[in-house]
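I have placed the structure first, in the form of structure tokens, so that the comments after it can refer back to it.
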Amino acid sequence: MIKVSVIVPIYNVEKYIAQCLESIQKQTLDSFEILSIDDQSTDNSMKIVEEYAVIDNRIKIIKHSRNRGLSAARNTGLEHAKGKYIFFLDSDDMIIPETLKELYLYAEENELDEI
């Protein structure tokens, strides 16, 4: 069972995406997926994501046929998510290693809504 789906919209963030992905990969939670939504970047963002996806099968790439914006990218991620819970992360942000585990445990302990 996938506990958390991390949805990361990707659009022209080649300066930041490697650090973002690495921060997700370092999570202490034992089961999560990373949904990278390609919103038709015009820089090397997706090349970087594809390199990470080759070595980490938790990274899934979903492509838009045209640029649709942040909200549409998040909605696309929701449509493909297999996790019990959702975590949205902007592609120019990073999270500390315990983030997903602590949020998952809190959600479970407090019986929060699942997707």
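To be explicit about the labels: the chains of the structure tokens are called A, B, and onward in the order shown, and within each one the residues are counted from 1, while ligands get numbers from 1 in the order they are shown.
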
For the contact check between segment 35-104 of chain A and segment 5-20 of chain A, emit one row per residue of segment 35-104 of chain A within 8 Å, containing the shortest atom pair and the distance in Å rounded to one decimal, counting only C-alpha atoms, chain then rising number order, as JSON lines.
{"residue": "A:Leu35", "atom": "CA", "partner": "A:Ile7", "partner_atom": "CA", "distance": 4.8}
{"residue": "A:Ser36", "atom": "CA", "partner": "A:Val8", "partner_atom": "CA", "distance": 4.9}
{"residue": "A:Ile37", "atom": "CA", "partner": "A:Pro9", "partner_atom": "CA", "distance": 4.7}
{"residue": "A:Asp38", "atom": "CA", "partner": "A:Ile10", "partner_atom": "CA", "distance": 5.0}
{"residue": "A:Asp39", "atom": "CA", "partner": "A:Tyr11", "partner_atom": "CA", "distance": 5.6}
{"residue": "A:Gln40", "atom": "CA", "partner": "A:Tyr11", "partner_atom": "CA", "distance": 6.5}
{"residue": "A:Ser41", "atom": "CA", "partner": "A:Tyr11", "partner_atom": "CA", "distance": 4.5}
{"residue": "A:Thr42", "atom": "CA", "partner": "A:Asn12", "partner_atom": "CA", "distance": 6.2}
{"residue": "A:Asp43", "atom": "CA", "partner": "A:Asn12", "partner_atom": "CA", "distance": 5.5}
{"residue": "A:Asn44", "atom": "CA", "partner": "A:Glu14", "partner_atom": "CA", "distance": 5.6}
{"residue": "A:Ser45", "atom": "CA", "partner": "A:Glu14", "partner_atom": "CA", "distance": 4.3}
{"residue": "A:Met46", "atom": "CA", "partner": "A:Ile10", "partner_atom": "CA", "distance": 7.5}
{"residue": "A:Ile48", "atom": "CA", "partner": "A:Ala18", "partner_atom": "CA", "distance": 6.9}
{"residue": "A:Val49", "atom": "CA", "partner": "A:Ile17", "partner_atom": "CA", "distance": 7.4}
{"residue": "A:Leu70", "atom": "CA", "partner": "A:Pro9", "partner_atom": "CA", "distance": 6.5}
{"residue": "A:Ala73", "atom": "CA", "partner": "A:Pro9", "partner_atom": "CA", "distance": 5.5}
{"residue": "A:Arg74", "atom": "CA", "partner": "A:Pro9", "partner_atom": "CA", "distance": 6.4}
{"residue": "A:Gly77", "atom": "CA", "partner": "A:Ile7", "partner_atom": "CA", "distance": 5.7}
{"residue": "A:Leu78", "atom": "CA", "partner": "A:Ile7", "partner_atom": "CA", "distance": 7.7}
{"residue": "A:Ala81", "atom": "CA", "partner": "A:Ser5", "partner_atom": "CA", "distance": 5.7}
{"residue": "A:Lys82", "atom": "CA", "partner": "A:Ser5", "partner_atom": "CA", "distance": 6.5}
{"residue": "A:Gly83", "atom": "CA", "partner": "A:Ser5", "partner_atom": "CA", "distance": 4.7}
{"residue": "A:Lys84", "atom": "CA", "partner": "A:Ser5", "partner_atom": "CA", "distance": 7.5}
{"residue": "A:Tyr85", "atom": "CA", "partner": "A:Ser5", "partner_atom": "CA", "distance": 6.3}
{"residue": "A:Ile86", "atom": "CA", "partner": "A:Ser5", "partner_atom": "CA", "distance": 4.9}
{"residue": "A:Phe87", "atom": "CA", "partner": "A:Val6", "partner_atom": "CA", "distance": 4.8}
{"residue": "A:Phe88", "atom": "CA", "partner": "A:Ile7", "partner_atom": "CA", "distance": 4.9}
{"residue": "A:Leu89", "atom": "CA", "partner": "A:Val8", "partner_atom": "CA", "distance": 5.3}
{"residue": "A:Asp90", "atom": "CA", "partner": "A:Val8", "partner_atom": "CA", "distance": 5.8}
{"residue": "A:Ser91", "atom": "CA", "partner": "A:Ile17", "partner_atom": "CA", "distance": 5.6}
{"residue": "A:Asp92", "atom": "CA", "partner": "A:Tyr16", "partner_atom": "CA", "distance": 5.0}
{"residue": "A:Asp93", "atom": "CA", "partner": "A:Cys20", "partner_atom": "CA", "distance": 5.7}
{"residue": "A:Met94", "atom": "CA", "partner": "A:Cys20", "partner_atom": "CA", "distance": 4.8}
{"residue": "A:Ile95", "atom": "CA", "partner": "A:Cys20", "partner_atom": "CA", "distance": 7.6}

Would you put the residues from that selection into a file with N, CA and C atoms, as a JSON list (two decimals), in the first residue's frame?
[["chain", "number", "residue", "atom", "x", "y", "z"],
["A", 35, "LEU", "N", 4.71, 11.90, -7.87],
["A", 35, "LEU", "CA", 4.08, 12.15, -9.16],
["A", 35, "LEU", "C", 4.59, 13.49, -9.69],
["A", 36, "SER", "N", 5.41, 13.42, -10.72],
["A", 36, "SER", "CA", 5.97, 14.62, -11.34],
["A", 36, "SER", "C", 5.11, 14.96, -12.54],
["A", 37, "ILE", "N", 4.45, 16.09, -12.48],
["A", 37, "ILE", "CA", 3.54, 16.48, -13.54],
["A", 37, "ILE", "C", 4.24, 17.49, -14.45],
["A", 38, "ASP", "N", 4.57, 17.05, -15.66],
["A", 38, "ASP", "CA", 5.23, 17.91, -16.64],
["A", 38, "ASP", "C", 4.20, 18.82, -17.27],
["A", 39, "ASP", "N", 4.26, 20.10, -16.92],
["A", 39, "ASP", "CA", 3.34, 21.09, -17.47],
["A", 39, "ASP", "C", 3.98, 21.79, -18.66],
["A", 40, "GLN", "N", 4.70, 21.01, -19.46],
["A", 40, "GLN", "CA", 5.36, 21.47, -20.68],
["A", 40, "GLN", "C", 6.44, 22.51, -20.42],
["A", 41, "SER", "N", 7.38, 22.15, -19.57],
["A", 41, "SER", "CA", 8.55, 22.98, -19.31],
["A", 41, "SER", "C", 9.30, 23.25, -20.60],
["A", 42, "THR", "N", 9.91, 24.41, -20.67],
["A", 42, "THR", "CA", 10.71, 24.76, -21.84],
["A", 42, "THR", "C", 12.21, 24.76, -21.52],
["A", 43, "ASP", "N", 12.56, 24.41, -20.30],
["A", 43, "ASP", "CA", 13.97, 24.33, -19.91],
["A", 43, "ASP", "C", 14.35, 22.85, -19.72],
["A", 44, "ASN", "N", 15.37, 22.56, -18.97],
["A", 44, "ASN", "CA", 15.84, 21.19, -18.78],
["A", 44, "ASN", "C", 15.23, 20.50, -17.56],
["A", 45, "SER", "N", 14.17, 21.04, -17.01],
["A", 45, "SER", "CA", 13.55, 20.46, -15.82],
["A", 45, "SER", "C", 13.21, 18.99, -16.00],
["A", 46, "MET", "N", 12.54, 18.67, -17.08],
["A", 46, "MET", "CA", 12.09, 17.29, -17.27],
["A", 46, "MET", "C", 13.23, 16.34, -17.58],
["A", 48, "ILE", "N", 16.07, 16.47, -16.14],
["A", 48, "ILE", "CA", 16.57, 16.18, -14.79],
["A", 48, "ILE", "C", 15.65, 15.18, -14.10],
["A", 49, "VAL", "N", 14.34, 15.40, -14.17],
["A", 49, "VAL", "CA", 13.38, 14.49, -13.54],
["A", 49, "VAL", "C", 13.51, 13.09, -14.15],
["A", 70, "LEU", "N", -0.57, 25.62, -12.74],
["A", 70, "LEU", "CA", -0.34, 24.93, -11.48],
["A", 70, "LEU", "C", -1.56, 24.13, -11.00],
["A", 73, "ALA", "N", -2.12, 21.06, -13.07],
["A", 73, "ALA", "CA", -1.09, 20.05, -12.80],
["A", 73, "ALA", "C", -1.38, 19.31, -11.50],
["A", 74, "ARG", "N", -1.80, 20.02, -10.49],
["A", 74, "ARG", "CA", -2.15, 19.38, -9.23],
["A", 74, "ARG", "C", -3.35, 18.45, -9.40],
["A", 77, "GLY", "N", -2.31, 15.31, -10.99],
["A", 77, "GLY", "CA", -1.69, 14.46, -9.97],
["A", 77, "GLY", "C", -2.72, 13.74, -9.13],
["A", 78, "LEU", "N", -3.77, 14.44, -8.74],
["A", 78, "LEU", "CA", -4.84, 13.82, -7.95],
["A", 78, "LEU", "C", -5.49, 12.66, -8.71],
["A", 81, "ALA", "N", -3.03, 9.67, -8.45],
["A", 81, "ALA", "CA", -2.50, 9.31, -7.13],
["A", 81, "ALA", "C", -3.04, 7.97, -6.65],
["A", 82, "LYS", "N", -2.13, 7.17, -6.07],
["A", 82, "LYS", "CA", -2.50, 5.87, -5.52],
["A", 82, "LYS", "C", -2.31, 5.83, -4.01],
["A", 83, "GLY", "N", -1.84, 6.91, -3.44],
["A", 83, "GLY", "CA", -1.59, 6.95, -2.01],
["A", 83, "GLY", "C", -2.85, 7.12, -1.19],
["A", 84, "LYS", "N", -2.75, 6.76, 0.06],
["A", 84, "LYS", "CA", -3.86, 6.94, 1.00],
["A", 84, "LYS", "C", -4.07, 8.42, 1.28],
["A", 85, "TYR", "N", -2.98, 9.17, 1.30],
["A", 85, "TYR", "CA", -3.02, 10.61, 1.54],
["A", 85, "TYR", "C", -2.24, 11.33, 0.43],
["A", 86, "ILE", "N", -2.48, 12.62, 0.30],
["A", 86, "ILE", "CA", -1.85, 13.46, -0.72],
["A", 86, "ILE", "C", -0.99, 14.52, -0.03],
["A", 87, "PHE", "N", 0.17, 14.78, -0.64],
["A", 87, "PHE", "CA", 1.03, 15.88, -0.19],
["A", 87, "PHE", "C", 1.43, 16.66, -1.43],
["A", 88, "PHE", "N", 1.11, 17.94, -1.47],
["A", 88, "PHE", "CA", 1.51, 18.81, -2.58],
["A", 88, "PHE", "C", 2.82, 19.48, -2.23],
["A", 89, "LEU", "N", 3.77, 19.44, -3.15],
["A", 89, "LEU", "CA", 5.05, 20.11, -2.94],
["A", 89, "LEU", "C", 5.40, 20.88, -4.21],
["A", 90, "ASP", "N", 5.67, 22.17, -4.05],
["A", 90, "ASP", "CA", 6.11, 22.96, -5.19],
["A", 90, "ASP", "C", 7.51, 22.54, -5.58],
["A", 91, "SER", "N", 7.80, 22.58, -6.86],
["A", 91, "SER", "CA", 9.05, 22.05, -7.38],
["A", 91, "SER", "C", 10.27, 22.90, -7.04],
["A", 92, "ASP", "N", 10.08, 24.04, -6.43],
["A", 92, "ASP", "CA", 11.21, 24.85, -5.98],
["A", 92, "ASP", "C", 11.34, 24.83, -4.46],
["A", 93, "ASP", "N", 10.67, 23.87, -3.82],
["A", 93, "ASP", "CA", 10.72, 23.73, -2.36],
["A", 93, "ASP", "C", 11.37, 22.41, -1.97],
["A", 94, "MET", "N", 11.76, 22.31, -0.70],
["A", 94, "MET", "CA", 12.33, 21.09, -0.15],
["A", 94, "MET", "C", 11.65, 20.79, 1.18],
["A", 95, "ILE", "N", 11.72, 19.51, 1.58],
["A", 95, "ILE", "CA", 11.16, 19.12, 2.87],
["A", 95, "ILE", "C", 12.22, 18.35, 3.66]]

Identify which of the residues A:Glu50, A:Lys3, A:Lys63, A:Thr28 lies closest to Glu114 of chain A, counting only C-alpha atoms when measuring atom-to-atom distances.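 Of all the options, A:Lys3 lies closest to Glu114 of chain A.
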
May I have all residues of segment 4-108 of chain A that DSSP, computed from the backbone, assigns to alpha helix (DSSP H), given as an MDAnalysis selection string? chainID A and resid 17:25 45:55 70:80 99:108

Those residues with N, CA and C atoms, as a short mmCIF file (atom, residue, chain, number, x, y, z; two decimals), in the first residue's frame please?
data_model
loop_
_atom_site.label_atom_id
_atom_site.label_comp_id
_atom_site.auth_asym_id
_atom_site.auth_seq_id
_atom_site.Cartn_x
_atom_site.Cartn_y
_atom_site.Cartn_z
N ILE A 17 14.84 21.68 -9.15
CA ILE A 17 14.14 20.38 -9.13
C ILE A 17 14.99 19.25 -8.55
N ALA A 18 16.28 19.26 -8.77
CA ALA A 18 17.13 18.19 -8.22
C ALA A 18 17.07 18.20 -6.69
N GLN A 19 17.21 19.38 -6.09
CA GLN A 19 17.14 19.48 -4.63
C GLN A 19 15.76 19.08 -4.11
N CYS A 20 14.73 19.47 -4.84
CA CYS A 20 13.37 19.10 -4.45
C CYS A 20 13.21 17.58 -4.43
N LEU A 21 13.59 16.93 -5.52
CA LEU A 21 13.46 15.47 -5.61
C LEU A 21 14.31 14.77 -4.55
N GLU A 22 15.51 15.25 -4.34
CA GLU A 22 16.38 14.63 -3.34
C GLU A 22 15.78 14.74 -1.94
N SER A 23 15.14 15.85 -1.67
CA SER A 23 14.52 16.00 -0.34
C SER A 23 13.36 15.02 -0.17
N ILE A 24 12.68 14.71 -1.25
CA ILE A 24 11.59 13.72 -1.16
C ILE A 24 12.18 12.32 -1.02
N GLN A 25 13.21 12.03 -1.79
CA GLN A 25 13.82 10.71 -1.75
C GLN A 25 14.36 10.37 -0.36
N SER A 45 14.17 21.04 -17.01
CA SER A 45 13.55 20.46 -15.82
C SER A 45 13.21 18.99 -16.00
N MET A 46 12.54 18.67 -17.08
CA MET A 46 12.09 17.29 -17.27
C MET A 46 13.23 16.34 -17.58
N LYS A 47 14.27 16.82 -18.20
CA LYS A 47 15.44 15.97 -18.42
C LYS A 47 16.01 15.54 -17.07
N ILE A 48 16.07 16.47 -16.14
CA ILE A 48 16.57 16.18 -14.79
C ILE A 48 15.65 15.18 -14.10
N VAL A 49 14.34 15.40 -14.17
CA VAL A 49 13.38 14.49 -13.54
C VAL A 49 13.51 13.09 -14.15
N GLU A 50 13.64 13.02 -15.46
CA GLU A 50 13.77 11.72 -16.13
C GLU A 50 15.02 10.98 -15.67
N GLU A 51 16.12 11.69 -15.43
CA GLU A 51 17.33 11.06 -14.92
C GLU A 51 17.10 10.47 -13.53
N TYR A 52 16.38 11.18 -12.69
CA TYR A 52 16.06 10.67 -11.35
C TYR A 52 15.11 9.48 -11.44
N ALA A 53 14.15 9.53 -12.35
CA ALA A 53 13.16 8.46 -12.48
C ALA A 53 13.80 7.15 -12.92
N VAL A 54 14.89 7.22 -13.67
CA VAL A 54 15.57 6.00 -14.12
C VAL A 54 16.11 5.22 -12.92
N ILE A 55 16.54 5.93 -11.90
CA ILE A 55 17.16 5.24 -10.75
C ILE A 55 16.22 5.11 -9.54
N LEU A 70 -0.57 25.62 -12.74
CA LEU A 70 -0.34 24.93 -11.48
C LEU A 70 -1.56 24.13 -11.00
N SER A 71 -2.72 24.73 -11.00
CA SER A 71 -3.92 24.04 -10.51
C SER A 71 -4.24 22.80 -11.34
N ALA A 72 -4.14 22.93 -12.64
CA ALA A 72 -4.40 21.78 -13.52
C ALA A 72 -3.38 20.67 -13.29
N ALA A 73 -2.12 21.06 -13.07
CA ALA A 73 -1.09 20.05 -12.80
C ALA A 73 -1.38 19.31 -11.50
N ARG A 74 -1.80 20.02 -10.49
CA ARG A 74 -2.15 19.38 -9.23
C ARG A 74 -3.35 18.45 -9.40
N ASN A 75 -4.35 18.90 -10.16
CA ASN A 75 -5.53 18.06 -10.41
C ASN A 75 -5.15 16.80 -11.18
N THR A 76 -4.24 16.93 -12.13
CA THR A 76 -3.77 15.75 -12.87
C THR A 76 -3.10 14.78 -11.89
N GLY A 77 -2.31 15.31 -10.99
CA GLY A 77 -1.69 14.46 -9.97
C GLY A 77 -2.72 13.74 -9.13
N LEU A 78 -3.77 14.44 -8.74
CA LEU A 78 -4.84 13.82 -7.95
C LEU A 78 -5.49 12.66 -8.71
N GLU A 79 -5.66 12.83 -10.02
CA GLU A 79 -6.28 11.79 -10.84
C GLU A 79 -5.44 10.52 -10.88
N HIS A 80 -4.13 10.65 -10.75
CA HIS A 80 -3.23 9.51 -10.86
C HIS A 80 -2.72 8.98 -9.51
N THR A 99 9.25 14.71 7.30
CA THR A 99 7.99 15.38 6.97
C THR A 99 6.86 14.40 6.67
N LEU A 100 7.03 13.55 5.70
CA LEU A 100 5.94 12.66 5.30
C LEU A 100 5.56 11.68 6.41
N LYS A 101 6.54 11.17 7.11
CA LYS A 101 6.26 10.21 8.18
C LYS A 101 5.45 10.87 9.29
N GLU A 102 5.86 12.05 9.71
CA GLU A 102 5.14 12.74 10.79
C GLU A 102 3.72 13.10 10.38
N LEU A 103 3.55 13.58 9.15
CA LEU A 103 2.21 13.92 8.69
C LEU A 103 1.34 12.68 8.54
N TYR A 104 1.92 11.60 8.05
CA TYR A 104 1.17 10.35 7.91
C TYR A 104 0.72 9.84 9.27
N LEU A 105 1.63 9.80 10.24
CA LEU A 105 1.27 9.33 11.58
C LEU A 105 0.20 10.21 12.21
N TYR A 106 0.30 11.52 12.02
CA TYR A 106 -0.72 12.43 12.55
C TYR A 106 -2.08 12.14 11.91
N ALA A 107 -2.08 11.96 10.60
CA ALA A 107 -3.34 11.69 9.90
C ALA A 107 -3.97 10.39 10.39
N GLU A 108 -3.14 9.37 10.58
CA GLU A 108 -3.65 8.08 11.05
C GLU A 108 -4.17 8.18 12.48
#

Can you work out the spacing between atom CA of Phe32 of chain A and atom CA of Ile61 of chain A in Å, to one decimal? 14.6 Å

May I have all residues of chain A that DSSP, computed from the backbone, assigns to strand (DSSP E), given as number ranges by chain? A: 4-10, 32-38, 59-63, 85-88

Two-atom distance - atom CA of Arg58 of chain A, atom CA of Asn110 of chain A (Å): 26.8 Å

Pick the closest to Ser31 of chain A from A:Ile96, A:Asn67, A:Asn57, A:Ile62: which is it, counting only C-alpha atoms?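 Among the listed residues, the smallest separation from Ser31 of chain A belongs to A:Asn57.
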